[in-house]
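Student: I am attaching a structure below and will ask some questions about it afterwards.
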Amino acid sequence: MITGSMVALVTPMHEDGSLDWAALESLVEWHLEQGTHAIVAVGTTGESATLDYDEHIAVIRSVVNLVRGRVPVIAGTGANSTREAIELTQAAKDAKADACLLVTPYYNKPTQEGLFLHHKAIAEAVAIPQMLYNVPGRTACDMLPETALRLASIPNIFGIKDATGNLERAKTMIDRAPAGFSVYSGDDETAVELILLGGKGDISVTANVAPKLVAQMNTLALDGKTAEARAINEKLMPLHQAMFVEANPIPVKWALAEMGRIPRGIRLPLTALSSSQHERVRSALQAVGLI
């Protein structure tokens with residue numbers, strides 16, 4: 001079972017938008033040193049929407065090769081075309097990713113039956129562990145708990161990343177999930193509380209900039225050390241919030257550049273962090289001792 005702090009890794013880019021492979025290698029090594037428990041490559045935070053197919057698979061392959069089995073690598077392979085999602089998932093398997101993360105189809109707004117059949121088709125086509133990913137604030141498509149639990153009966157679907165921040169629905173899935181199906185947080189602000197309810201970890205944006213603290217927080221929460229986990233979360237809360245002052249990954253990429261870890265590259269239609277938000281993000285980094 002994959003548990004703990006799973007960084008939703010940014011994809012470093014030069015200022016012209018080309019991929020920065022040296023910065024990617026440096027980030028991966030830093031995360032391993034800092035105690036990150038798993039790495040999610042080319043998810044939303046990794047700008048999957050603007051990487052072409054070859055780049056997408058090249059980043060996954062690179063992260064797998066850099067990690068060398070030291071922690072699990074989860075590849076983002078979701079798409080709003082079932083055929084495309086199958087192709088990406090097969091390519092991730094061929095690249096030797098440990099698991100895949102599949103976002104609900106965006107823009108075309110399928111029914112719950114369509115969501116079930118979409119994920120069922122991918123799971124049956126590619127024999128790799130798969131995690132569902134529900135983030136209706138970005139996709140305009142909400143996978144209801146009943147649909148997630150229905151998919152939980154498919155052997156290689158092992159969990160769901162729930163990014164709604166709705167702890168009540170997370171608790172419903174945790175309580176009703178069959179053995180072998182886990183619920184993970186995709187919302188940093190509420191991740192500790194979801195884990196304390198029985199969740200198994202956090203796919204985190206904040207972990208990009210504060211990997212050691214987020215890993216410690218996850219470990220404490222998983223061990224049931226409520227007060228200690230909540231204390232770290234309270235310390236991190238301004239940073240959790242600062243990472244979403246504009247659309248992710250705009251703030252987190254700016255923060256990492258401010259920390260000297262990556263260049264300032266980001267691809268249109270996303271743009272660099274607005275100057276009006278610089279001080280808020282900088283102050284949040286300073287408060288945690290990151291700069």
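Note on naming: chains are A, B, ... as they come in the structure tokens, residues start from 1 per chain, ligands start from 1 in the order shown.
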With a distance cut-off of 8 Å and only C-alpha atoms, select the neighbouring residues of region 33-40 of chain A, excluding the residue or stretch itself and same-chain residues fewer than 5 positions from it, and output the selection as a PyMOL selection string.
Tutor: chain A and resi 2-9+71-76+203+207+211-212+214-215
Student: Could you pull out the strand (DSSP E or B) residues of region 29-211 of chain A, going by DSSP on the backbone, and write them as a VMD selection string?
Tutor: chain A and resid 38 to 41 73 to 76 99 to 103 130 to 134 157 to 162 182 to 185 201 to 204
Student: Can I get the selection written as a short mmCIF file (atom, residue, chain, number, x, y, z; two decimals), in the first residue's frame, with C-alpha atoms?
Tutor:
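Below is the file that was written, selection.cif:
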```cif
data_model
loop_
_atom_site.label_atom_id
_atom_site.label_comp_id
_atom_site.auth_asym_id
_atom_site.auth_seq_id
_atom_site.Cartn_x
_atom_site.Cartn_y
_atom_site.Cartn_z
CA ALA A 38 6.11 8.85 -3.04
CA ILE A 39 6.37 11.05 -6.12
CA VAL A 40 3.49 11.88 -8.46
CA ALA A 41 4.85 12.78 -11.90
CA VAL A 73 6.35 6.68 -8.55
CA ILE A 74 2.75 7.43 -9.47
CA ALA A 75 2.23 8.64 -13.02
CA GLY A 76 -0.55 11.04 -13.95
CA ALA A 99 0.93 3.15 -10.24
CA CYS A 100 -1.15 5.63 -12.21
CA LEU A 101 -3.33 8.56 -11.15
CA LEU A 102 -6.38 9.09 -13.38
CA VAL A 103 -8.28 12.34 -13.15
CA GLN A 130 -4.67 2.77 -10.54
CA MET A 131 -5.84 5.61 -8.31
CA LEU A 132 -8.98 7.59 -9.13
CA TYR A 133 -8.72 11.38 -8.89
CA ASN A 134 -11.73 13.58 -8.22
CA ILE A 157 -8.19 0.27 -8.68
CA PHE A 158 -6.66 0.74 -5.24
CA GLY A 159 -7.83 4.15 -4.11
CA ILE A 160 -9.04 7.66 -4.77
CA LYS A 161 -7.44 11.06 -4.43
CA ASP A 162 -10.27 13.24 -3.15
CA SER A 182 -7.83 3.61 0.24
CA VAL A 183 -8.81 7.27 0.37
CA TYR A 184 -6.12 9.93 -0.06
CA SER A 185 -6.35 13.67 0.36
CA GLY A 201 -1.96 9.98 2.86
CA ASP A 202 -1.81 13.29 1.06
CA ILE A 203 -1.00 14.05 -2.58
CA SER A 204 0.42 17.44 -1.79
#
```
Student: CA of Lys109 (chain A) and CA of Tyr53 (chain A) are how many Å apart?
Tutor: 22.8 Å
Student: Between A:Leu197, A:Asp142, A:Ile128, A:Gly137, which is the closest to Thr104 (chain A) once you count only C-alpha atoms?
Tutor: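 Nearest to Thr104 (chain A): A:Asp142.
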Student: Using only C-alpha atoms, determine which residues lie at most 10 Å from Ile291 (chain A), disregarding the query and same-chain residues fewer than 2 positions distant; provide the list as a VMD selection string.
Tutor: chain A and resid 255 258 to 260 282 to 289
Student: I'd like to know which of A:Gln216, A:Ile266, A:Thr44, A:Leu51 is closest to Thr139 (chain A), using only C-alpha atoms.
Tutor: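 Among the listed residues, A:Thr44 lies closest to Thr139 (chain A).
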Student: Given only C-alpha atoms as the basis, pick out the residue of A:Leu149, A:Ala85, A:Leu222, A:Leu236 nearest to Thr172 (chain A).
Tutor: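 Nearest candidate to Thr172 (chain A) out of A:Leu149, A:Ala85, A:Leu222, A:Leu236: A:Leu149.
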Student: May I have the residues within 12 Å of Leu220 (chain A) as number ranges by chain, using only C-alpha atoms and disregarding those fewer than 3 positions away in the same chain?
Tutor: A: 4-5, 192-193, 195-196, 200-201, 213-217, 223-233
Student: For the residues in the current selection, export N, CA and C atoms as a PDB file, in the first residue's frame.
Tutor:
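Full text of selection_11.pdb as output:
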```pdb
ATOM      1  N   GLY A   4       1.315   8.018   3.028  1.00  0.00           N
ATOM      2  CA  GLY A   4       2.136   9.141   3.445  1.00  0.00           C
ATOM      3  C   GLY A   4       2.093  10.333   2.517  1.00  0.00           C
ATOM      4  N   SER A   5       3.195  11.071   2.514  1.00  0.00           N
ATOM      5  CA  SER A   5       3.299  12.300   1.733  1.00  0.00           C
ATOM      6  C   SER A   5       3.727  11.991   0.309  1.00  0.00           C
ATOM      7  N   VAL A 192      -4.652  16.534   6.984  1.00  0.00           N
ATOM      8  CA  VAL A 192      -4.443  15.914   8.292  1.00  0.00           C
ATOM      9  C   VAL A 192      -5.741  15.336   8.836  1.00  0.00           C
ATOM     10  N   GLU A 193      -6.821  16.099   8.713  1.00  0.00           N
ATOM     11  CA  GLU A 193      -8.092  15.616   9.251  1.00  0.00           C
ATOM     12  C   GLU A 193      -8.588  14.394   8.491  1.00  0.00           C
ATOM     13  N   ILE A 195      -6.687  12.119   7.044  1.00  0.00           N
ATOM     14  CA  ILE A 195      -5.871  10.981   7.480  1.00  0.00           C
ATOM     15  C   ILE A 195      -6.309  10.501   8.861  1.00  0.00           C
ATOM     16  N   LEU A 196      -6.601  11.444   9.748  1.00  0.00           N
ATOM     17  CA  LEU A 196      -7.043  11.058  11.091  1.00  0.00           C
ATOM     18  C   LEU A 196      -8.389  10.333  11.069  1.00  0.00           C
ATOM     19  N   LYS A 200      -5.163   7.475   3.966  1.00  0.00           N
ATOM     20  CA  LYS A 200      -3.833   6.868   3.930  1.00  0.00           C
ATOM     21  C   LYS A 200      -2.721   7.803   3.490  1.00  0.00           C
ATOM     22  N   GLY A 201      -3.032   9.068   3.230  1.00  0.00           N
ATOM     23  CA  GLY A 201      -1.960   9.976   2.857  1.00  0.00           C
ATOM     24  C   GLY A 201      -2.469  11.197   2.138  1.00  0.00           C
ATOM     25  N   LEU A 213       8.582  18.745   6.314  1.00  0.00           N
ATOM     26  CA  LEU A 213       7.480  19.004   7.243  1.00  0.00           C
ATOM     27  C   LEU A 213       6.217  18.251   6.839  1.00  0.00           C
ATOM     28  N   VAL A 214       5.912  18.232   5.544  1.00  0.00           N
ATOM     29  CA  VAL A 214       4.706  17.528   5.097  1.00  0.00           C
ATOM     30  C   VAL A 214       4.856  16.027   5.329  1.00  0.00           C
ATOM     31  N   ALA A 215       6.042  15.487   5.110  1.00  0.00           N
ATOM     32  CA  ALA A 215       6.263  14.058   5.376  1.00  0.00           C
ATOM     33  C   ALA A 215       6.116  13.759   6.866  1.00  0.00           C
ATOM     34  N   GLN A 216       6.677  14.611   7.709  1.00  0.00           N
ATOM     35  CA  GLN A 216       6.543  14.419   9.161  1.00  0.00           C
ATOM     36  C   GLN A 216       5.088  14.488   9.588  1.00  0.00           C
ATOM     37  N   MET A 217       4.360  15.451   9.045  1.00  0.00           N
ATOM     38  CA  MET A 217       2.953  15.619   9.378  1.00  0.00           C
ATOM     39  C   MET A 217       2.144  14.380   8.996  1.00  0.00           C
ATOM     40  N   ASP A 223       0.183   7.690  12.341  1.00  0.00           N
ATOM     41  CA  ASP A 223       0.452   7.027  13.620  1.00  0.00           C
ATOM     42  C   ASP A 223      -0.552   7.406  14.700  1.00  0.00           C
ATOM     43  N   GLY A 224      -1.532   8.239  14.350  1.00  0.00           N
ATOM     44  CA  GLY A 224      -2.552   8.635  15.317  1.00  0.00           C
ATOM     45  C   GLY A 224      -2.088   9.672  16.323  1.00  0.00           C
ATOM     46  N   LYS A 225      -0.985  10.340  16.046  1.00  0.00           N
ATOM     47  CA  LYS A 225      -0.461  11.368  16.949  1.00  0.00           C
ATOM     48  C   LYS A 225      -1.109  12.706  16.584  1.00  0.00           C
ATOM     49  N   THR A 226      -2.336  12.828  17.020  1.00  0.00           N
ATOM     50  CA  THR A 226      -3.219  13.901  16.568  1.00  0.00           C
ATOM     51  C   THR A 226      -2.674  15.288  16.871  1.00  0.00           C
ATOM     52  N   ALA A 227      -2.298  15.537  18.109  1.00  0.00           N
ATOM     53  CA  ALA A 227      -1.862  16.875  18.499  1.00  0.00           C
ATOM     54  C   ALA A 227      -0.612  17.300  17.736  1.00  0.00           C
ATOM     55  N   GLU A 228       0.347  16.383  17.605  1.00  0.00           N
ATOM     56  CA  GLU A 228       1.589  16.714  16.912  1.00  0.00           C
ATOM     57  C   GLU A 228       1.352  16.971  15.426  1.00  0.00           C
ATOM     58  N   ALA A 229       0.506  16.144  14.802  1.00  0.00           N
ATOM     59  CA  ALA A 229       0.204  16.333  13.381  1.00  0.00           C
ATOM     60  C   ALA A 229      -0.513  17.651  13.150  1.00  0.00           C
ATOM     61  N   ARG A 230      -1.483  17.957  13.996  1.00  0.00           N
ATOM     62  CA  ARG A 230      -2.213  19.212  13.846  1.00  0.00           C
ATOM     63  C   ARG A 230      -1.323  20.424  14.092  1.00  0.00           C
ATOM     64  N   ALA A 231      -0.335  20.296  14.976  1.00  0.00           N
ATOM     65  CA  ALA A 231       0.575  21.408  15.240  1.00  0.00           C
ATOM     66  C   ALA A 231       1.398  21.748  13.999  1.00  0.00           C
ATOM     67  N   ILE A 232       1.881  20.723  13.299  1.00  0.00           N
ATOM     68  CA  ILE A 232       2.626  20.984  12.063  1.00  0.00           C
ATOM     69  C   ILE A 232       1.696  21.579  11.013  1.00  0.00           C
ATOM     70  N   ASN A 233       0.479  21.051  10.927  1.00  0.00           N
ATOM     71  CA  ASN A 233      -0.468  21.568   9.943  1.00  0.00           C
ATOM     72  C   ASN A 233      -0.780  23.041  10.202  1.00  0.00           C
TER      73      ASN A 233
END
```
